[in-house]
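Just below is one structure, and these are the notes that go with it.
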Amino acid sequence: MPGITADVHVSMPVLRSSWRHATFVHWPYPRHEVQRLLPRGLVVDEYDGDAWVTLTPFVMTDVRLPATPALPWISRFAETNLRTYVRGPDGSPGVWFLSLEAGNPVAAVAGRLFAGAPYHAGDLEVRRHDRTTTYAGVRRDGTAAYRLTVGVGEPLEPSDRDVWLTARWRAFTCHARRLLVTPVEHEPWPLAHASLDHLEESLTTAAGLPAPQEPPVTHFSDGVHQARIGAARPVG
């Protein structure tokens, strides 16, 4: 299973960032419902016989290129991804993004252009009040939206499943009909218990999945600093 620390070292990152105030909402799905959405070369990674799909809203901060300062107008914005867990042709574990929402349209265009990531520009917000965090977003083309509120609990000692769901060090994408892999390195996510107080979303159905039927597993994290993202490269 994936380890709690990165199994890749990104010595020459193409992008640096911190990821803050993250919530993870995980649903189990039948394997076949997820596999049909994957490109050739990727297979569903399962935990206890289930595929898993995770909705993760958070805040990107200190976004910058190597050896450059963070620019105020682009270095901080809300982002949300809907991802599933996969294995590449060589068996390496990673994530496949079913969709990504970005509050910065420049980031959305760059993600699509350079890595083939399925970014959508949207109007996103993250609000924190005491031990409660609320996230909301709507795509600018109106095709999907979400709103969720979580109550943040005490820190947790992660179980094997918690680590499996959160500690992933590769992102697979498709660009110009080629399967790409992007390495990612950062410190372990500091996880906390979280109660899902409110949730409405249409991201799962917009991605081609049936609406979730099972109660989700929910985590919160204050975030990780100095995430190092390597260059996307062809698989194989």
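We name chains A, B, ... following the order of the structure tokens; residues begin at 1 in each chain, and ligands are numbered from 1 as shown.
Residues of region 58-198 of chain A carrying a DSSP assignment of helix (DSSP H, G or I), computed from the backbone, are Pro105, Val106, Ala107, Ala108, Val109, Ala110, Gly111, Arg112, Leu113, Phe114, Ala115, Asp160, Arg161, Asp162, Val163, Trp164, Leu165 and Thr166 of chain A.
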Please dump the current selection as a tab-separated table (two decimals), in the first residue's frame; keep N, CA and C atoms.
```tsv
chain	number	residue	atom	x	y	z
A	105	PRO	N	-8.55	31.41	-13.10
A	105	PRO	CA	-8.67	30.90	-14.47
A	105	PRO	C	-7.33	30.68	-15.15
A	106	VAL	N	-6.30	31.42	-14.77
A	106	VAL	CA	-4.97	31.21	-15.36
A	106	VAL	C	-4.46	29.82	-14.99
A	107	ALA	N	-4.64	29.43	-13.72
A	107	ALA	CA	-4.22	28.11	-13.28
A	107	ALA	C	-4.99	27.02	-14.01
A	108	ALA	N	-6.28	27.24	-14.25
A	108	ALA	CA	-7.09	26.25	-14.96
A	108	ALA	C	-6.59	26.05	-16.38
A	109	VAL	N	-6.30	27.14	-17.07
A	109	VAL	CA	-5.81	27.04	-18.45
A	109	VAL	C	-4.43	26.37	-18.48
A	110	ALA	N	-3.54	26.77	-17.55
A	110	ALA	CA	-2.19	26.20	-17.53
A	110	ALA	C	-2.23	24.71	-17.24
A	111	GLY	N	-3.10	24.28	-16.30
A	111	GLY	CA	-3.20	22.86	-15.97
A	111	GLY	C	-3.66	22.02	-17.15
A	112	ARG	N	-4.60	22.54	-17.91
A	112	ARG	CA	-5.06	21.83	-19.11
A	112	ARG	C	-4.00	21.82	-20.20
A	113	LEU	N	-3.34	22.97	-20.39
A	113	LEU	CA	-2.41	23.12	-21.49
A	113	LEU	C	-1.15	22.28	-21.32
A	114	PHE	N	-0.58	22.28	-20.11
A	114	PHE	CA	0.73	21.66	-19.92
A	114	PHE	C	0.67	20.22	-19.43
A	115	ALA	N	-0.42	19.81	-18.79
A	115	ALA	CA	-0.47	18.45	-18.27
A	115	ALA	C	-1.72	17.69	-18.67
A	160	ASP	N	-4.51	2.32	8.42
A	160	ASP	CA	-4.02	1.93	7.10
A	160	ASP	C	-4.90	2.53	6.01
A	161	ARG	N	-6.23	2.51	6.22
A	161	ARG	CA	-7.13	3.07	5.20
A	161	ARG	C	-6.95	4.58	5.06
A	162	ASP	N	-6.77	5.28	6.17
A	162	ASP	CA	-6.55	6.72	6.12
A	162	ASP	C	-5.32	7.07	5.28
A	163	VAL	N	-4.25	6.31	5.51
A	163	VAL	CA	-3.02	6.54	4.75
A	163	VAL	C	-3.25	6.22	3.28
A	164	TRP	N	-3.90	5.11	3.00
A	164	TRP	CA	-4.16	4.69	1.62
A	164	TRP	C	-4.94	5.75	0.86
A	165	LEU	N	-5.88	6.40	1.53
A	165	LEU	CA	-6.74	7.39	0.88
A	165	LEU	C	-6.09	8.76	0.71
A	166	THR	N	-5.07	9.06	1.46
A	166	THR	CA	-4.53	10.43	1.43
A	166	THR	C	-3.08	10.52	0.97
```
*Report the residues of chain A whose backbone DSSP state falls under strand (DSSP E), written as a PyMOL selection string.*
chain A and resi 15-29+43-44+51-64+77-87+93-102+119-129+132-139+145-155+170-175+178-185+191-201+217-229+233-234
*Residues near region 52-62 of chain A, cut-off 8 Å, only C-alpha atoms, skip fewer than 2 positions along chain, as a ChimeraX atom specification*: /A:16-29,46-47,50,64,70,75-85,126,135
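With only C-alpha atoms as the basis for measurement, A:Ala232 is the residue among A:Arg140, A:Thr149, A:Ala232, A:Pro30 that approaches Met12 (chain A) most closely.
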*When distances are computed from only C-alpha atoms, which of A:Glu200, A:Leu148, A:Arg128, A:Leu180 shows the smallest separation from Asp222 (chain A)?*
A:Arg128
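Each of A:Arg139, A:His129, A:Arg147, A:His9 was checked against His186 (chain A) using only C-alpha atoms; the smallest atom-to-atom distance is that of A:His9.
Counting from CA of Leu98 (chain A), the distance to CA of Ala207 (chain A) is 6.0 Å.
Each of A:His120, A:His198, A:Arg178, A:Arg168 was checked against Thr134 (chain A) using only C-alpha atoms; the smallest atom-to-atom distance is that of A:His198.
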*Within 9 Å of Val8 (chain A), counting only C-alpha atoms, which residues show up once you throw out same-chain ones fewer than 5 positions away? Write them as number ranges by chain, please.*
A: 169-170, 183-185
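Proximity to Arg177 (chain A) was assessed for A:Phe97, A:Gly91, A:Val63, A:Pro234 counting only C-alpha atoms; the smallest distance is recorded for A:Pro234.
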